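Have a look at the structure below, then the notes.
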Amino acid sequence: MTLVQPQPKAPVAQAAPAPARRSVPGRIRVITGVTVASLALLFAALAVGSMSARDGLQVIGRDAGPQVVATADLYLGLSDMDAQVANVLVMGDQYAPQRKQALDRYEQQRSKANEALMQALSLADTKAERETVRSVLDKLGRYERLAGQALLLDERSKHAPGPPPQEVVLTYREATKLMRVELLPQAYNLTLESGTIVRATYDEKAVMVPLLRVAVVLAGLLALGCLVWLQIFLARRFRRVFGPALLVATVTTAVALISGMNVLSTDEAALREAKSAGFDSVLTLAKARSISNSMQGDQSRYLLDKEWADTYEHTFLDKAMSVVYFKAGNLRTYHEQVATGSRRFLGMLGPELVGKEGNDALEAYRAFQASDTKFRELVASGKTNEAVAERLGPVTTAFDAYDRALLSLSARHQAQFTRAIASGESALDNLWRLLPFAIGGIGLLVMAGVWPRLKEYR
C-alpha cells in the first residue's frame with residue numbers, strides 16, 4: 001500500500017494593502033504646519049523690524065534728540081548771558097533804555113539756561129551726564145555772583161560810555177573766564193554726549209532696518225510659497241479647484257507683506273531725513289547761533305578791556321572762521337574776503353547757506369561783518385563814544401537780522417525733523433493697528449481652507 005504524502009498547501013497570496021488613507025491627513029497637517037510656521041516667521045520679522053524702527057524714532061525724535069537741542073539752547077543761553085553783561089558794562093551812565101533791555105535779556109537767558117539744565121538733568125541717562133549737569137549748575141551760580149558783582153561795581157562807578165574802571169574790568173574778566181573756560185566747554189560736552197547717542201542709534205538702525213526689511217521679504221515669499229504649495233496639494237488630491245478661503249489668505253498675506261515692506265521703507269526714509277536733513281542741521285544752526293552770539297560779546301569785550309583787546313579780536317576771528325570759513329591770516333583780511341561776495345567758503349554754515357533762506361542768511365552775515373569793520377575802525381581811531389554808539393546801534397541791528405535769518409533756517413529744518421518723525425511713527429501705528437487683525441484673519445482663513453478636507457477622512 002502506497003502512502004501518499006500530503007502536498008503542502010500553497011500559501012495564500014495576501015492582497016496588497018490598500019493605500020494608507022491616513023497618510024493624506026498627515027501630509028495635510030505637515031504642510032499646514034509648515035505654512036503656519038512660515039506665516040509666524042513673517043509676522044515675527046515684521047514685529048522685530050517695526051520695533052527696531054520705532055526704537056530709532058524714539059531715541060532720535062523723543063529722547064536723545066531733544067536733549068541735544070536742549071543742551072544746544074543751554075550753550076546759546078550761557079553765551080548770551082555773558083554777552084549781555086559785556087554790553088551793559090560798555091554803556092556806562094548813558095543808554096538807559098538799552099541797559100534795561102540788556103539786563104532783562106540777561107535775566108531771560110538765565111531763566112532759559114536753568115530750564116535747559118533741568119531738562120537735560122531729567123533726560124540724562126548716565127551718571128556722568130548727571131554729574132556734568134550738576135557741575136554746570138554749580139559753576140553757573142558762581143558766574144552769576146561774579147557777574148552781579150561786576151554789574152554792581154559798574155553802576156556805582158557812573159563812568160562814561162566805554163571802558164569801565166579797572167576793578168569792574170578785573171571782576172568781569174574773572175566771570176567771563178569762568179564762562180569761556182569752564183561753563184561753555186561743559187555745556188558743549190553735554191551736547192556732544194547726547195549727539196553721540198543719536199549718531200550711534202542712527203548708525204545702528206541704518207543697518208538693522210534694511211536687513212530686517214530683507215528678512216520680511218524672504219519670510220513673506222516663503223509664506224506665500226507655502227500657501228501656494230498647500231493649495232496645489234489640496235487641489236490635486238481632492239480634484240477640486242482652489243479653495244476660496246486659502247486664496248483670500250494668500251492675498252491677505254501678500255497685502256501684509258507689501259504693507260510691511262512699505263512701512264519699513266517709510267521708517268528708513270524717515271530716520272534718514274530726521275537725522276540728516278533735520279537733526280544735523282538744527283544742531284549745526286544752534287551751534288552757529290551760539291558761536292555768533294559769543295562773537296557779538298567779543299565785540300563788547302574788545303571795547304571794554306583794552307589790556308585783552310587783541311585776545312578778544314583773535315577769538316572773534318576764530319569764531320567767525322568756524323562759522324563761515326575764508327582763508328585769512330587776520331581779521332582785516334577776513335573782512336575783505338567776506339565782502340567780496342564769493343561763495344567759495346567752508347565752515348559750519350557752508351552746507352546750510354543754500355536756497356533763498358540760505359542766501360538771506362549769508363547776506364545778513366556779510367552785513368554783520370561789514371558793521372564790525374566800521375566798529376573796529378572807530379575803536380582804533382580813539383572815538384570811544386562813536387564806537388559805543390556803533391556797537392549798540394548798527395552792529396546790533398545787523399546782528400539781530402543775521403540771527404533771525406539763522407532762526408528761520410533752523411525753523412525750516414525743525415519742521416522737517418518733526419514731520420519725518422511723525423511720518424515714521426504714524427506708519428508704524430497704522431501697521432500695529434492692522435497686524436493683529438491680519439494675523440487672526442489669515443489664521444482663520446487657513447483653518448477654513450484645511451478643516452473641511454480633514455473632515456472627509458473621519
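Going through the C-alpha cells in order, the chains are called A, B, and so on, while each chain numbers its residues from 1 and the ligands are numbered from 1 in the order shown.
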
> Running DSSP on the backbone, which parts of segment 319-351 of chain A land in alpha helix (DSSP H), as a ChimeraX atom specification?
Replying inline: /A:319-323,331-339

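Of the listed residues A:Met81, A:Ala448, A:Val90, A:Ala277, the one whose atoms come nearest to Leu103 of chain A is A:Met81, with distances taken using only C-alpha atoms.
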
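Residues lying within 12 Å of Gly382 of chain A, counting only C-alpha atoms and ignoring same-chain neighbours fewer than 4 positions away, are A:Gly162, A:Pro163, A:Leu303, A:Lys306, A:Phe375, A:Arg376, A:Glu377, A:Leu378, A:Glu386, A:Ala387, A:Val388.
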
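Nearest residue to Glu174 of chain A, choosing from A:Glu107, A:Asp267, A:Asp82, A:Asp154 and counting only C-alpha atoms: A:Asp82.
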
> Any idea what's packed within 12 Å of Gly443 of chain A, counting only C-alpha atoms, ignoring anything in its chain fewer than 2 positions away? Could you give it as an MDAnalysis selection string?
Replying inline: chainID A and resid 32:33 35:40 43 227 245:246 248:250 252:253 436:441 445:451

Write out as an mmCIF file with N, CA, C and O atoms, in the first residue's frame each polymer residue whose atoms come within 10 Å of Asn262 of chain A, counting only C-alpha atoms; drop sequence neighbours fewer than 4 positions from it.
data_model
loop_
_atom_site.group_PDB
_atom_site.id
_atom_site.type_symbol
_atom_site.label_atom_id
_atom_site.label_comp_id
_atom_site.auth_asym_id
_atom_site.auth_seq_id
_atom_site.Cartn_x
_atom_site.Cartn_y
_atom_site.Cartn_z
ATOM 1 N N ARG A 213 14.094 94.480 6.768
ATOM 2 C CA ARG A 213 13.179 94.550 5.637
ATOM 3 C C ARG A 213 13.435 93.397 4.667
ATOM 4 O O ARG A 213 12.499 92.794 4.134
ATOM 5 N N ALA A 256 -0.178 91.995 3.509
ATOM 6 C CA ALA A 256 0.596 92.227 4.736
ATOM 7 C C ALA A 256 2.084 92.370 4.423
ATOM 8 O O ALA A 256 2.779 93.220 5.002
ATOM 9 N N LEU A 257 2.579 91.561 3.493
ATOM 10 C CA LEU A 257 3.990 91.650 3.106
ATOM 11 C C LEU A 257 4.302 93.000 2.475
ATOM 12 O O LEU A 257 5.277 93.666 2.845
ATOM 13 N N ILE A 258 3.464 93.401 1.516
ATOM 14 C CA ILE A 258 3.698 94.682 0.840
ATOM 15 C C ILE A 258 3.589 95.850 1.823
ATOM 16 O O ILE A 258 4.401 96.776 1.813
ATOM 17 N N THR A 266 9.345 103.343 4.638
ATOM 18 C CA THR A 266 8.973 104.678 5.116
ATOM 19 C C THR A 266 9.765 105.050 6.355
ATOM 20 O O THR A 266 10.253 106.183 6.490
ATOM 21 N N ASP A 267 9.917 104.094 7.274
ATOM 22 C CA ASP A 267 10.646 104.381 8.510
ATOM 23 C C ASP A 267 12.130 104.592 8.244
ATOM 24 O O ASP A 267 12.772 105.433 8.886
ATOM 25 N N GLU A 268 12.674 103.824 7.320
ATOM 26 C CA GLU A 268 14.088 104.024 6.962
ATOM 27 C C GLU A 268 14.296 105.427 6.396
ATOM 28 O O GLU A 268 15.245 106.136 6.768
ATOM 29 N N ALA A 427 3.203 105.694 10.377
ATOM 30 C CA ALA A 427 3.223 104.453 9.589
ATOM 31 C C ALA A 427 3.280 103.227 10.498
ATOM 32 O O ALA A 427 2.594 102.227 10.267
ATOM 33 N N LEU A 431 0.465 100.179 11.040
ATOM 34 C CA LEU A 431 0.839 98.770 10.897
ATOM 35 C C LEU A 431 0.420 97.971 12.124
ATOM 36 O O LEU A 431 -0.147 96.877 12.000
#

> Leaving out segment 48-51 of chain A and any residue of its chain fewer than 2 positions from it, which residues lie within 10 Å of it when counting only C-alpha atoms, given as number ranges by chain?
Replying inline: A: 43-46, 53-57, 205, 208-216, 260-261, 263-264, 267, 425, 427-429, 431-432

Selection above as a file: C-alpha atoms, as a compact mmCIF listing (two decimals), in the first residue's frame:
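Contents of the output file selection.txt:
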# COMPACT_ATOMS: atom_id res chain seq x y z
CA PHE A 43 4.84 88.32 11.34
CA ALA A 44 7.76 87.90 13.74
CA ALA A 45 10.04 89.61 11.20
CA LEU A 46 7.50 92.42 10.81
CA ALA A 53 12.46 101.29 13.65
CA ARG A 54 10.28 102.60 16.48
CA ASP A 55 13.22 102.45 18.87
CA GLY A 56 15.29 104.57 16.46
CA LEU A 57 12.49 107.10 16.04
CA LYS A 205 19.23 101.47 12.66
CA MET A 208 19.33 96.96 11.01
CA VAL A 209 16.15 98.28 9.39
CA PRO A 210 17.20 97.42 5.78
CA LEU A 211 18.35 93.97 6.94
CA LEU A 212 15.06 93.37 8.72
CA ARG A 213 13.18 94.55 5.64
CA VAL A 214 15.04 91.91 3.62
CA ALA A 215 14.12 89.36 6.30
CA VAL A 216 10.47 90.37 5.97
CA GLY A 260 5.22 95.75 5.98
CA MET A 261 7.82 96.45 3.30
CA VAL A 263 6.23 100.74 6.39
CA LEU A 264 9.85 99.72 6.94
CA ASP A 267 10.65 104.38 8.51
CA GLU A 425 5.57 106.89 13.86
CA ALA A 427 3.22 104.45 9.59
CA LEU A 428 4.17 102.18 12.49
CA ASP A 429 0.94 102.94 14.35
CA LEU A 431 0.84 98.77 10.90
CA TRP A 432 0.36 97.78 14.52

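Put simply, atom CA of Asn359 of chain A is 13.0 Å away from atom CA of Val324 of chain A.
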
>> Need the shell around segment 181-185 of chain A: protein/DNA/RNA residues with any atom at most 7 Å away, counting only C-alpha atoms. Skip same-chain ones fewer than 6 positions apart. Format as a PyMOL selection string?
In response: chain A and resi 75+136+139

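Nearest residue to His413 of chain A, choosing from A:Lys275, A:Arg27, A:Arg236, A:Lys319 and counting only C-alpha atoms: A:Lys275.
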
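Nearest to Ser79 of chain A of all the residues A:Tyr106, A:Phe326, A:Tyr172, A:Phe279 is A:Tyr106, counting only C-alpha atoms.
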
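Pairwise distance (atom CA of Ser290 of chain A, atom CA of Asp93 of chain A) equals 28.8 Å.
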